[in-house]
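Data from run25.cif: mmCIF, C-alpha atoms
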data_work
loop_
_atom_site.label_atom_id
_atom_site.label_comp_id
_atom_site.auth_asym_id
_atom_site.auth_seq_id
_atom_site.Cartn_x
_atom_site.Cartn_y
_atom_site.Cartn_z
CA MET Y 228 26.03 -29.99 5.50
CA ARG Y 229 22.49 -31.30 5.37
CA VAL Y 230 21.78 -34.45 3.36
CA ARG Y 231 19.05 -32.67 1.42
CA GLN Y 232 21.54 -30.01 0.34
CA LEU Y 233 24.07 -32.58 -0.75
CA ILE Y 234 22.20 -33.39 -3.95
CA PHE Y 235 23.44 -30.04 -5.22
CA VAL Y 236 27.07 -30.58 -4.32
CA VAL Y 237 27.51 -34.29 -3.84
CA LEU Y 238 28.88 -35.42 -7.14
CA LEU Y 239 32.56 -33.85 -7.07
CA SER Y 240 35.34 -34.56 -9.75
CA PRO Y 241 38.17 -33.21 -11.94
CA LEU Y 242 39.04 -30.22 -13.66
CA ILE Y 243 37.64 -28.68 -16.82
CA VAL Y 244 34.30 -26.86 -16.75
CA ALA Y 245 32.19 -27.98 -19.68
CA THR Y 246 30.74 -24.67 -20.74
CA ALA Y 247 31.12 -22.73 -23.98
CA MET Y 248 33.21 -25.51 -25.53
CA SER Y 249 33.54 -25.69 -29.28
CA VAL Y 250 34.21 -28.89 -31.19
CA GLU Y 251 37.06 -28.18 -33.55
CA ALA Y 252 37.05 -31.52 -35.37
CA GLU Y 253 36.34 -31.50 -39.09
CA GLU Y 254 33.02 -32.75 -40.37
CA PRO Y 255 33.26 -36.52 -40.76
CA SER Y 256 33.41 -37.82 -44.31
CA ALA Y 257 31.06 -40.62 -43.28
CA GLN Y 258 28.49 -40.68 -40.50
CA LYS Y 259 30.17 -41.72 -37.26
CA ALA Y 260 28.36 -44.05 -34.89
CA VAL Y 261 28.32 -43.71 -31.11
CA LEU Y 262 26.97 -46.07 -28.45
CA VAL Y 263 25.32 -44.40 -25.44
CA THR Y 264 24.37 -46.64 -22.53
CA GLY Y 265 21.53 -45.75 -20.18
CA ALA Y 266 19.86 -43.54 -22.78
CA SER Y 267 16.22 -43.95 -21.75
CA SER Y 268 16.07 -40.73 -19.69
CA GLY Y 269 18.04 -38.00 -17.96
CA ILE Y 270 21.66 -37.44 -18.92
CA GLY Y 271 21.82 -40.39 -21.31
CA ARG Y 272 18.71 -39.32 -23.23
CA ASN Y 273 20.01 -35.76 -23.49
CA ILE Y 274 23.37 -36.97 -24.82
CA ALA Y 275 21.76 -39.29 -27.36
CA GLU Y 276 19.41 -36.61 -28.68
CA ARG Y 277 22.21 -34.04 -28.89
CA LEU Y 278 24.52 -36.38 -30.81
CA ALA Y 279 21.72 -37.30 -33.19
CA ALA Y 280 20.85 -33.64 -33.77
CA GLU Y 281 24.50 -32.98 -34.64
CA GLY Y 282 24.28 -35.63 -37.37
CA TYR Y 283 25.94 -38.59 -35.68
CA PHE Y 284 24.30 -42.01 -35.60
CA VAL Y 285 23.47 -43.17 -32.08
CA TYR Y 286 22.96 -46.66 -30.76
CA ALA Y 287 20.93 -45.75 -27.67
CA GLY Y 288 20.93 -48.40 -24.97
CA ALA Y 289 17.78 -48.95 -22.90
CA ARG Y 290 15.99 -51.83 -21.19
CA LYS Y 291 12.26 -51.22 -21.61
CA GLU Y 292 10.40 -51.73 -24.88
CA LYS Y 293 8.56 -48.39 -24.66
CA ASP Y 294 11.87 -46.56 -24.25
CA LEU Y 295 13.43 -48.43 -27.16
CA GLN Y 296 10.51 -47.50 -29.41
CA ALA Y 297 10.61 -43.85 -28.34
CA LEU Y 298 14.34 -43.65 -29.02
CA SER Y 299 14.06 -45.34 -32.41
CA ASN Y 300 11.46 -42.79 -33.46
CA ILE Y 301 14.13 -40.07 -33.32
CA GLU Y 302 16.12 -39.42 -36.48
CA ASN Y 303 19.66 -40.87 -36.36
CA ILE Y 304 18.89 -42.99 -33.29
CA GLN Y 305 18.45 -46.74 -33.08
CA GLY Y 306 17.18 -48.05 -29.77
CA LEU Y 307 19.33 -50.93 -28.59
CA ARG Y 308 18.19 -53.35 -25.92
CA LEU Y 309 21.04 -53.18 -23.46
CA ASP Y 310 21.29 -53.94 -19.76
CA VAL Y 311 24.95 -53.47 -18.82
CA THR Y 312 24.62 -56.15 -16.13
CA ILE Y 313 23.56 -58.85 -18.61
CA GLN Y 314 26.34 -60.28 -20.79
CA SER Y 315 23.92 -61.73 -23.37
CA ASP Y 316 22.48 -58.24 -23.93
CA ILE Y 317 25.99 -56.88 -24.44
CA ASP Y 318 26.93 -59.67 -26.85
CA ALA Y 319 23.75 -59.07 -28.86
CA ALA Y 320 24.48 -55.33 -28.94
CA VAL Y 321 27.95 -56.01 -30.36
CA ASN Y 322 26.39 -58.14 -33.10
CA THR Y 323 23.89 -55.38 -33.92
CA VAL Y 324 26.58 -52.73 -34.18
CA GLU Y 325 28.86 -54.95 -36.25
CA SER Y 326 26.05 -55.67 -38.70
CA GLY Y 327 25.05 -51.99 -38.91
CA GLY Y 328 27.80 -51.16 -41.38
CA LEU Y 329 28.98 -47.94 -39.73
CA GLY Y 330 31.50 -49.41 -37.35
CA LEU Y 331 31.76 -47.69 -33.98
CA TYR Y 332 33.65 -44.47 -33.34
CA GLY Y 333 32.53 -43.63 -29.82
CA VAL Y 334 31.29 -45.15 -26.57
CA VAL Y 335 29.59 -43.14 -23.84
CA ASN Y 336 29.41 -45.17 -20.64
CA ASN Y 337 26.49 -43.41 -19.00
CA ALA Y 338 24.32 -46.15 -17.47
CA GLY Y 339 24.32 -45.76 -13.71
CA VAL Y 340 22.34 -45.94 -10.51
CA VAL Y 341 22.35 -44.02 -7.23
CA VAL Y 342 22.48 -45.54 -3.76
CA VAL Y 343 22.10 -43.23 -0.77
CA GLY Y 344 22.58 -44.57 2.72
CA LEU Y 345 24.74 -44.51 5.83
CA LEU Y 346 27.81 -46.68 5.40
CA ALA Y 347 27.68 -48.38 8.79
CA GLU Y 348 24.05 -49.34 8.18
CA SER Y 349 24.12 -50.21 4.47
CA ALA Y 350 23.64 -53.80 3.38
CA GLU Y 351 26.42 -55.42 1.40
CA SER Y 352 23.85 -56.11 -1.28
CA GLU Y 353 23.67 -52.35 -1.91
CA LEU Y 354 27.36 -52.36 -2.83
CA ASP Y 355 26.83 -55.37 -5.08
CA PHE Y 356 23.95 -53.60 -6.80
CA ILE Y 357 25.70 -50.30 -7.50
CA PHE Y 358 29.07 -51.76 -8.47
CA ASP Y 359 27.40 -54.18 -10.88
CA VAL Y 360 25.99 -51.23 -12.81
CA ASN Y 361 28.36 -48.31 -12.21
CA VAL Y 362 31.71 -50.13 -12.28
CA TYR Y 363 31.36 -53.56 -13.86
CA GLY Y 364 28.98 -52.09 -16.44
CA PRO Y 365 31.55 -49.77 -18.08
CA TYR Y 366 34.17 -52.49 -17.77
CA ARG Y 367 31.94 -54.98 -19.60
CA ILE Y 368 31.04 -52.48 -22.31
CA VAL Y 369 34.65 -51.45 -22.96
CA LYS Y 370 35.82 -55.05 -23.05
CA ALA Y 371 33.09 -56.02 -25.52
CA PHE Y 372 33.43 -53.04 -27.85
CA ALA Y 373 37.19 -52.48 -27.61
CA PRO Y 374 37.96 -54.18 -30.96
CA LEU Y 375 35.58 -51.84 -32.81
CA ILE Y 376 36.86 -48.73 -31.02
CA VAL Y 377 40.51 -49.64 -31.59
CA GLU Y 378 39.80 -50.33 -35.25
CA SER Y 379 38.26 -46.87 -35.71
CA LYS Y 380 40.86 -45.07 -33.54
CA GLY Y 381 37.82 -43.69 -31.76
CA ARG Y 382 36.95 -42.21 -28.39
CA ILE Y 383 35.49 -43.34 -25.06
CA ALA Y 384 33.73 -41.04 -22.59
CA ASN Y 385 32.99 -42.38 -19.12
CA ILE Y 386 30.32 -40.50 -17.20
CA SER Y 387 31.69 -40.19 -13.69
CA SER Y 388 30.33 -37.70 -11.16
CA LEU Y 389 31.32 -34.87 -8.93
CA ALA Y 390 31.27 -37.61 -6.29
CA GLY Y 391 34.34 -39.06 -7.97
CA ILE Y 392 36.56 -36.79 -5.89
CA SER Y 393 34.75 -35.97 -2.65
CA SER Y 394 32.51 -38.21 -0.62
CA PRO Y 395 30.02 -36.51 1.70
CA PRO Y 396 27.92 -38.31 4.31
CA ALA Y 397 25.21 -40.65 3.08
CA TYR Y 398 26.72 -40.83 -0.42
CA GLY Y 399 29.67 -43.05 0.45
CA VAL Y 400 28.51 -46.10 -1.51
CA TYR Y 401 27.76 -44.00 -4.60
CA SER Y 402 31.06 -42.14 -4.27
CA MET Y 403 32.96 -45.41 -3.99
CA SER Y 404 31.58 -46.47 -7.35
CA LYS Y 405 32.40 -43.16 -8.98
CA HIS Y 406 35.93 -43.09 -7.55
CA ALA Y 407 36.29 -46.48 -9.23
CA VAL Y 408 35.13 -44.99 -12.54
CA GLU Y 409 37.79 -42.29 -12.21
CA ALA Y 410 40.49 -44.93 -11.63
CA PHE Y 411 39.14 -47.06 -14.46
CA THR Y 412 39.32 -44.06 -16.78
CA ASP Y 413 42.91 -43.19 -15.82
CA SER Y 414 44.29 -46.65 -16.52
CA LEU Y 415 42.13 -47.17 -19.59
CA ALA Y 416 43.29 -43.84 -21.04
CA SER Y 417 46.93 -44.86 -20.66
CA GLU Y 418 46.35 -48.25 -22.24
CA MET Y 419 44.11 -47.08 -25.07
CA GLY Y 420 46.39 -44.15 -25.80
CA THR Y 421 49.05 -46.55 -27.03
CA VAL Y 422 46.78 -47.50 -29.95
CA GLY Y 423 45.38 -44.05 -30.74
CA VAL Y 424 42.15 -44.12 -28.71
CA HIS Y 425 41.41 -41.19 -26.39
CA VAL Y 426 39.48 -41.76 -23.15
CA SER Y 427 37.87 -39.01 -21.04
CA ALA Y 428 36.03 -38.80 -17.73
CA ILE Y 429 33.07 -36.43 -17.54
CA ALA Y 430 31.82 -35.46 -14.10
CA PRO Y 431 28.25 -34.10 -13.97
CA GLY Y 432 26.71 -32.24 -11.10
CA ALA Y 433 23.05 -32.53 -10.12
CA PHE Y 434 20.80 -32.47 -13.18
CA ASN Y 435 17.28 -33.51 -14.04
CA SER Y 436 17.34 -37.28 -13.67
CA LYS Y 437 15.28 -40.19 -12.38
CA ALA Y 438 18.23 -41.68 -10.48
CA VAL Y 439 17.44 -40.21 -7.05
CA ALA Y 440 13.74 -41.02 -7.40
CA ALA Y 441 14.63 -44.60 -8.33
CA ASN Y 442 16.82 -44.85 -5.24
CA CYS Y 443 13.96 -43.62 -3.05
CA GLU Y 444 11.60 -46.15 -4.57
CA ARG Y 445 14.07 -48.94 -3.81
CA ARG Y 446 14.36 -47.73 -0.21
CA ARG Y 447 10.58 -47.69 0.19
CA LYS Y 448 10.35 -51.26 -1.12
CA GLN Y 449 13.08 -52.28 1.32
CA GLY Y 450 11.07 -50.76 4.16
CA TYR Y 451 13.69 -48.29 5.30
CA ASP Y 452 12.99 -47.13 8.86
CA PRO Y 453 15.19 -44.37 10.33
CA SER Y 454 14.16 -45.11 13.91
CA GLY Y 455 16.84 -46.88 15.87
CA SER Y 456 19.66 -45.60 13.66
CA LEU Y 457 23.05 -44.94 15.21
CA PHE Y 458 22.95 -41.60 13.42
CA PRO Y 459 19.43 -40.25 14.10
CA GLU Y 460 19.90 -36.80 12.57
CA LEU Y 461 21.30 -38.09 9.28
CA ALA Y 462 18.82 -40.96 9.17
CA GLY Y 463 15.91 -38.57 9.59
CA GLU Y 464 17.20 -36.38 6.78
CA LEU Y 465 17.59 -39.41 4.54
CA ALA Y 466 13.97 -40.34 5.19
CA ALA Y 467 12.88 -36.79 4.43
CA LEU Y 468 14.87 -36.80 1.19
CA CYS Y 469 12.62 -39.51 -0.15
CA THR Y 470 9.42 -37.70 0.72
CA ASP Y 471 10.15 -34.20 -0.55
CA ASP Y 472 12.67 -34.70 -3.37
CA ASN Y 473 10.13 -33.17 -5.78
CA ASP Y 474 10.88 -29.81 -4.15
CA TYR Y 475 14.10 -29.70 -6.15
CA GLN Y 476 14.05 -28.29 -9.67
CA PHE Y 477 17.16 -29.50 -11.43
CA PRO Y 478 18.28 -28.09 -14.79
CA GLU Y 479 18.55 -30.13 -17.95
CA PRO Y 480 21.96 -31.76 -18.43
CA ASP Y 481 22.99 -29.77 -21.51
CA PRO Y 482 26.51 -29.05 -20.12
CA VAL Y 483 27.12 -32.80 -19.93
CA ALA Y 484 26.21 -33.22 -23.60
CA ASP Y 485 28.52 -30.30 -24.43
CA ALA Y 486 31.37 -32.10 -22.69
CA VAL Y 487 30.60 -35.39 -24.45
CA LEU Y 488 30.67 -33.73 -27.86
CA HIS Y 489 34.01 -32.13 -27.08
CA ALA Y 490 35.46 -35.37 -25.70
CA LEU Y 491 34.35 -37.41 -28.70
CA PHE Y 492 34.96 -35.07 -31.60
CA SER Y 493 37.32 -32.25 -30.68
CA GLU Y 494 40.80 -32.33 -32.16
CA ASN Y 495 42.09 -31.66 -28.64
CA PRO Y 496 39.96 -33.68 -26.22
CA LYS Y 497 40.61 -33.32 -22.51
CA ALA Y 498 41.28 -36.07 -20.03
CA ARG Y 499 38.64 -34.71 -17.65
CA TYR Y 500 35.61 -32.47 -17.80
CA LEU Y 501 33.67 -30.88 -14.98
CA ALA Y 502 30.02 -30.31 -15.86
CA PRO Y 503 28.38 -28.66 -12.85
CA SER Y 504 24.77 -27.57 -12.74
CA ASP Y 505 25.65 -24.65 -10.46
CA PRO Y 506 28.82 -22.47 -10.31
CA ARG Y 507 29.12 -23.29 -6.61
CA GLN Y 508 29.75 -26.91 -7.51
CA ALA Y 509 32.74 -25.95 -9.66
CA GLU Y 510 34.20 -23.80 -6.90
CA GLY Y 511 33.58 -26.48 -4.29
CA THR Y 512 35.31 -29.09 -6.43
CA LEU Y 513 38.40 -26.98 -6.98
CA ARG Y 514 38.56 -26.03 -3.30
CA ASN Y 515 38.41 -29.71 -2.34
CA ILE Y 516 41.23 -30.52 -4.73
CA LEU Y 517 43.34 -27.67 -3.37
CA ALA Y 518 42.62 -28.69 0.22
CA ASP Y 519 43.86 -32.21 -0.56
CA LEU Y 520 46.94 -30.73 -2.21
CA ALA Y 521 47.67 -28.62 0.85
CA GLU Y 522 47.45 -31.69 3.07
CA LEU Y 523 49.57 -33.90 0.83
CA ARG Y 524 52.45 -31.45 0.41
CA ASN Y 525 53.48 -31.64 4.08
CA GLY Y 526 55.04 -35.06 4.30
CA GLU Y 527 57.55 -35.83 7.03
CA SER Y 528 60.37 -36.58 4.59
CA TYR Y 529 59.45 -34.05 1.94
CA GLY Y 530 57.65 -30.78 1.61
CA TYR Y 531 56.93 -28.12 -0.97
CA SER Y 532 56.78 -24.40 -0.48
CA ARG Y 533 53.95 -22.24 -1.73
CA ASP Y 534 56.15 -21.01 -4.59
CA GLU Y 535 57.01 -24.58 -5.59
CA LEU Y 536 53.34 -25.55 -5.59
CA VAL Y 537 52.45 -22.50 -7.67
CA GLY Y 538 55.22 -23.48 -10.09
CA MET Y 539 53.75 -26.96 -10.41
CA LEU Y 540 50.34 -25.43 -11.07
CA ASP Y 541 51.78 -23.17 -13.75
CA GLU Y 542 53.38 -26.17 -15.44
CA ALA Y 543 50.12 -28.10 -15.35
CA LEU Y 544 48.20 -25.14 -16.78
CA ALA Y 545 50.77 -24.72 -19.54
CA SER Y 546 50.63 -28.38 -20.49
CA SER Y 547 46.84 -28.23 -20.69
CA GLY Y 548 47.00 -25.25 -23.02
CA LYS Y 549 45.38 -22.87 -20.54
#

Encoded form using structure tokens:
Amino acid sequence: MRVRQLIFVVLLSPLIVATAMSVEAEEPSAQKAVLVTGASSGIGRNIAERLAAEGYFVYAGARKEKDLQALSNIENIQGLRLDVTIQSDIDAAVNTVESGGLGLYGVVNNAGVVVVGLLAESAESELDFIFDVNVYGPYRIVKAFAPLIVESKGRIANISSLAGISSPPAYGVYSMSKHAVEAFTDSLASEMGTVGVHVSAIAPGAFNSKAVAANCERRRKQGYDPSGSLFPELAGELAALCTDDNDYQFPEPDPVADAVLHALFSENPKARYLAPSDPRQAEGTLRNILADLAELRNGESYGYSRDELVGMLDEALASSGK
């Protein structure tokens, strides 16, 4: 599959399509507050605006003053200076929320960056960069705000990616970070569940975002040169990606906001949500999961028949209420 095409299918993860979901929770007796990181644009901005429009109070994290002012001009939103890689920003954000008087019911760990590059030719600094934001960022936020979330018996939604389950060429570094988010969510959900806090992973597909453009700008500043690559075809396509990415018209990330609302406020939140921008992404994700299942069932010392696998699937569907 061509690198340019991968933007449409590259971000692959678990199992519930976030379309036509209703939020069954009762109207809150008092306005509930939610922190959204990375809310200056794209998915985070869409989530923040949607929550605010639904009547919730949003602490919207951003780094630039112009973004903070724009966010604060929206009803029910307070722009919050927050770089998830800077502990002093996080500590100050905790103080702001604590002094706000609403407590904190929800956290949406959305802040993230994209790194595209061939694994054998990627600098270690690229891994440091992406893990600092995409993995350590949610960890830092959860650790800092856990007392408030536990006190409110609230919810946490971690924005993963369709890349959290499959890792195509040139997206390995990004996929590594999103696989880590999936693992983080699994363990965190088990731990937080013991004190009444529900944690979900939401896996978007390719939506209107500045993340890919920001990656291309970083590559230009680094002076990326595809000549001399061990993988000339892929390297050439990577170079082309950063010259004609404007050819792609991505939809707005409304399905992601739908999933966040359900995860935060439904009486029956799900552990995982799939929020594709194209039906092909949903099918591709499920086919990848099934292909892995087919491989894993044929161990040397064990094995499951088709009927046994179908029985397991039926049990899983029944337990999920579907």

Using only C-alpha atoms, which of the listed residues (Y:Tyr366, Y:Val342, Y:Ala397, Y:Ala428) sits closest to Ala440 (chain Y)? Y:Val342

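You will find CA of Ala287 (chain Y) at 19.3 Å from CA of Val362 (chain Y).
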
Could you work out how far CA of Gly269 (chain Y) lies from CA of Ala441 (chain Y), giving the answer in Å with one decimal?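 Pair CA of Ala441 (chain Y) / CA of Gly269 (chain Y) returns 12.2 Å.
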
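Between Asp519 (chain Y) and the residues Y:Asn303, Y:Ser393, Y:Gln296, Y:Asn361, the shortest atom-to-atom distance, using all atoms listed in the file, involves Y:Ser393.
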
Can you list what the PyMOL selection byres ((chain Y and resi 426) around 8) grabs from this structure, as a short mmCIF file (atom, residue, chain, number, x, y, z; two decimals) with C-alpha atoms, keeping the file's coordinate frame?
data_model
loop_
_atom_site.label_atom_id
_atom_site.label_comp_id
_atom_site.auth_asym_id
_atom_site.auth_seq_id
_atom_site.Cartn_x
_atom_site.Cartn_y
_atom_site.Cartn_z
CA ARG Y 382 36.95 -42.21 -28.39
CA ILE Y 383 35.49 -43.34 -25.06
CA ALA Y 384 33.73 -41.04 -22.59
CA ASN Y 385 32.99 -42.38 -19.12
CA THR Y 412 39.32 -44.06 -16.78
CA LEU Y 415 42.13 -47.17 -19.59
CA ALA Y 416 43.29 -43.84 -21.04
CA MET Y 419 44.11 -47.08 -25.07
CA GLY Y 420 46.39 -44.15 -25.80
CA VAL Y 424 42.15 -44.12 -28.71
CA HIS Y 425 41.41 -41.19 -26.39
CA SER Y 427 37.87 -39.01 -21.04
CA ALA Y 428 36.03 -38.80 -17.73
CA ALA Y 490 35.46 -35.37 -25.70
CA ALA Y 498 41.28 -36.07 -20.03
#

Identify, on the basis of all atoms listed in the file, every residue whose closest approach to Ser387 (chain Y) does not exceed 10 Å; exclude the query and any residue fewer than 5 positions from it along the same chain; express the result as a PyMOL selection string. chain Y and resi 238-241+336-337+339+361+392+402+404-409+412+427-432+499-501

Emit the selected residues as a PDB file, in the frame of the given file, including C-alpha atoms.
ATOM      1  CA  LEU Y 238      28.880 -35.420  -7.140  1.00  0.00           C
ATOM      2  CA  LEU Y 239      32.560 -33.850  -7.070  1.00  0.00           C
ATOM      3  CA  SER Y 240      35.340 -34.560  -9.750  1.00  0.00           C
ATOM      4  CA  PRO Y 241      38.170 -33.210 -11.940  1.00  0.00           C
ATOM      5  CA  ASN Y 336      29.410 -45.170 -20.640  1.00  0.00           C
ATOM      6  CA  ASN Y 337      26.490 -43.410 -19.000  1.00  0.00           C
ATOM      7  CA  GLY Y 339      24.320 -45.760 -13.710  1.00  0.00           C
ATOM      8  CA  ASN Y 361      28.360 -48.310 -12.210  1.00  0.00           C
ATOM      9  CA  ILE Y 392      36.560 -36.790  -5.890  1.00  0.00           C
ATOM     10  CA  SER Y 402      31.060 -42.140  -4.270  1.00  0.00           C
ATOM     11  CA  SER Y 404      31.580 -46.470  -7.350  1.00  0.00           C
ATOM     12  CA  LYS Y 405      32.400 -43.160  -8.980  1.00  0.00           C
ATOM     13  CA  HIS Y 406      35.930 -43.090  -7.550  1.00  0.00           C
ATOM     14  CA  ALA Y 407      36.290 -46.480  -9.230  1.00  0.00           C
ATOM     15  CA  VAL Y 408      35.130 -44.990 -12.540  1.00  0.00           C
ATOM     16  CA  GLU Y 409      37.790 -42.290 -12.210  1.00  0.00           C
ATOM     17  CA  THR Y 412      39.320 -44.060 -16.780  1.00  0.00           C
ATOM     18  CA  SER Y 427      37.870 -39.010 -21.040  1.00  0.00           C
ATOM     19  CA  ALA Y 428      36.030 -38.800 -17.730  1.00  0.00           C
ATOM     20  CA  ILE Y 429      33.070 -36.430 -17.540  1.00  0.00           C
ATOM     21  CA  ALA Y 430      31.820 -35.460 -14.100  1.00  0.00           C
ATOM     22  CA  PRO Y 431      28.250 -34.100 -13.970  1.00  0.00           C
ATOM     23  CA  GLY Y 432      26.710 -32.240 -11.100  1.00  0.00           C
ATOM     24  CA  ARG Y 499      38.640 -34.710 -17.650  1.00  0.00           C
ATOM     25  CA  TYR Y 500      35.610 -32.470 -17.800  1.00  0.00           C
ATOM     26  CA  LEU Y 501      33.670 -30.880 -14.980  1.00  0.00           C
TER      27      LEU Y 501
END

Do you know which residues are at most 12 Å from Asp452 (chain Y) counting only C-alpha atoms, after dropping those on the same chain fewer than 5 positions away, and could you put them as a list in words? Gly344, Glu348, Arg446, Arg447, Pro459, Ala462, Gly463, Glu464, Leu465, Ala466, Ala467 and Cys469 of chain Y

Length of the CA of Ala320 (chain Y) to CA of Leu307 (chain Y) vector [Å]: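 So the answer is 6.8 Å.
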
Closest to Ser547 (chain Y) among Y:Val311, Y:Ile368, Y:Ala350, Y:Asn495, using all atoms listed in the file?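 The answer is Y:Asn495, which sits nearest to Ser547 (chain Y).
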
Could you state which residues are captured by the PyMOL selection byres ((chain Y and resi 321) around 12) in this file, as a tab-separated table (two decimals) with C-alpha atoms, in the frame of the given file?
chain	number	residue	atom	x	y	z
Y	262	LEU	CA	26.97	-46.07	-28.45
Y	286	TYR	CA	22.96	-46.66	-30.76
Y	288	GLY	CA	20.93	-48.40	-24.97
Y	307	LEU	CA	19.33	-50.93	-28.59
Y	308	ARG	CA	18.19	-53.35	-25.92
Y	309	LEU	CA	21.04	-53.18	-23.46
Y	314	GLN	CA	26.34	-60.28	-20.79
Y	315	SER	CA	23.92	-61.73	-23.37
Y	316	ASP	CA	22.48	-58.24	-23.93
Y	317	ILE	CA	25.99	-56.88	-24.44
Y	318	ASP	CA	26.93	-59.67	-26.85
Y	319	ALA	CA	23.75	-59.07	-28.86
Y	320	ALA	CA	24.48	-55.33	-28.94
Y	322	ASN	CA	26.39	-58.14	-33.10
Y	323	THR	CA	23.89	-55.38	-33.92
Y	324	VAL	CA	26.58	-52.73	-34.18
Y	325	GLU	CA	28.86	-54.95	-36.25
Y	326	SER	CA	26.05	-55.67	-38.70
Y	327	GLY	CA	25.05	-51.99	-38.91
Y	330	GLY	CA	31.50	-49.41	-37.35
Y	331	LEU	CA	31.76	-47.69	-33.98
Y	334	VAL	CA	31.29	-45.15	-26.57
Y	367	ARG	CA	31.94	-54.98	-19.60
Y	368	ILE	CA	31.04	-52.48	-22.31
Y	369	VAL	CA	34.65	-51.45	-22.96
Y	370	LYS	CA	35.82	-55.05	-23.05
Y	371	ALA	CA	33.09	-56.02	-25.52
Y	372	PHE	CA	33.43	-53.04	-27.85
Y	373	ALA	CA	37.19	-52.48	-27.61
Y	374	PRO	CA	37.96	-54.18	-30.96
Y	375	LEU	CA	35.58	-51.84	-32.81
Y	376	ILE	CA	36.86	-48.73	-31.02

Selected residue, from Y:Ala433, Y:Leu513, Y:Leu345, Y:Leu544, that lies nearest to Pro396 (chain Y) when counting only C-alpha atoms: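 Result for the nearest residue to Pro396 (chain Y): Y:Leu345.
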
Selection under test: the PyMOL selection byres ((chain Y and resi 480) around 12); residues as a PyMOL selection string: chain Y and resi 245-246+268-277+430-436+477-479+481-487+502-505

Test item: which residues lie within 9 Å of (24.1, -50.6, -6.9) counting all atoms listed in the file, as a PDB file with C-alpha atoms, keeping the file's coordinate frame:
ATOM      1  CA  GLY Y 339      24.320 -45.760 -13.710  1.00  0.00           C
ATOM      2  CA  VAL Y 340      22.340 -45.940 -10.510  1.00  0.00           C
ATOM      3  CA  VAL Y 341      22.350 -44.020  -7.230  1.00  0.00           C
ATOM      4  CA  VAL Y 342      22.480 -45.540  -3.760  1.00  0.00           C
ATOM      5  CA  SER Y 352      23.850 -56.110  -1.280  1.00  0.00           C
ATOM      6  CA  GLU Y 353      23.670 -52.350  -1.910  1.00  0.00           C
ATOM      7  CA  LEU Y 354      27.360 -52.360  -2.830  1.00  0.00           C
ATOM      8  CA  ASP Y 355      26.830 -55.370  -5.080  1.00  0.00           C
ATOM      9  CA  PHE Y 356      23.950 -53.600  -6.800  1.00  0.00           C
ATOM     10  CA  ILE Y 357      25.700 -50.300  -7.500  1.00  0.00           C
ATOM     11  CA  PHE Y 358      29.070 -51.760  -8.470  1.00  0.00           C
ATOM     12  CA  ASP Y 359      27.400 -54.180 -10.880  1.00  0.00           C
ATOM     13  CA  VAL Y 360      25.990 -51.230 -12.810  1.00  0.00           C
ATOM     14  CA  ASN Y 361      28.360 -48.310 -12.210  1.00  0.00           C
ATOM     15  CA  VAL Y 400      28.510 -46.100  -1.510  1.00  0.00           C
ATOM     16  CA  TYR Y 401      27.760 -44.000  -4.600  1.00  0.00           C
ATOM     17  CA  SER Y 404      31.580 -46.470  -7.350  1.00  0.00           C
TER      18      SER Y 404
END

Test item: residues at most 8 Å from Ala279 (chain Y), all atoms listed in the file, excluding those fewer than 5 positions along its chain, as an mmCIF file with C-alpha atoms, in the coordinates of the input:
data_model
loop_
_atom_site.group_PDB
_atom_site.id
_atom_site.type_symbol
_atom_site.label_atom_id
_atom_site.label_comp_id
_atom_site.auth_asym_id
_atom_site.auth_seq_id
_atom_site.Cartn_x
_atom_site.Cartn_y
_atom_site.Cartn_z
ATOM 1 C CA PHE Y 284 24.300 -42.010 -35.600
ATOM 2 C CA VAL Y 285 23.470 -43.170 -32.080
ATOM 3 C CA GLU Y 302 16.120 -39.420 -36.480
ATOM 4 C CA ASN Y 303 19.660 -40.870 -36.360
ATOM 5 C CA ILE Y 304 18.890 -42.990 -33.290
#

Write region 304-311 of chain Y as a short mmCIF file (atom, residue, chain, number, x, y, z; two decimals), in the frame of the given file, completed to N, CA and C atoms.
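Now in selection-v3.cif:
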data_model
loop_
_atom_site.label_atom_id
_atom_site.label_comp_id
_atom_site.auth_asym_id
_atom_site.auth_seq_id
_atom_site.Cartn_x
_atom_site.Cartn_y
_atom_site.Cartn_z
N ILE Y 304 18.77 -42.17 -34.49
CA ILE Y 304 18.89 -42.99 -33.29
C ILE Y 304 18.28 -44.36 -33.51
N GLN Y 305 18.99 -45.38 -33.11
CA GLN Y 305 18.45 -46.74 -33.08
C GLN Y 305 18.46 -47.23 -31.64
N GLY Y 306 17.26 -47.49 -31.11
CA GLY Y 306 17.18 -48.05 -29.77
C GLY Y 306 17.81 -49.43 -29.74
N LEU Y 307 18.59 -49.68 -28.70
CA LEU Y 307 19.33 -50.93 -28.59
C LEU Y 307 19.07 -51.53 -27.22
N ARG Y 308 18.47 -52.72 -27.20
CA ARG Y 308 18.19 -53.35 -25.92
C ARG Y 308 19.52 -53.66 -25.24
N LEU Y 309 19.73 -53.04 -24.08
CA LEU Y 309 21.04 -53.18 -23.46
C LEU Y 309 20.96 -52.93 -21.95
N ASP Y 310 21.12 -54.00 -21.21
CA ASP Y 310 21.29 -53.94 -19.76
C ASP Y 310 22.75 -54.26 -19.51
N VAL Y 311 23.50 -53.30 -18.94
CA VAL Y 311 24.95 -53.47 -18.82
C VAL Y 311 25.34 -54.52 -17.78
#
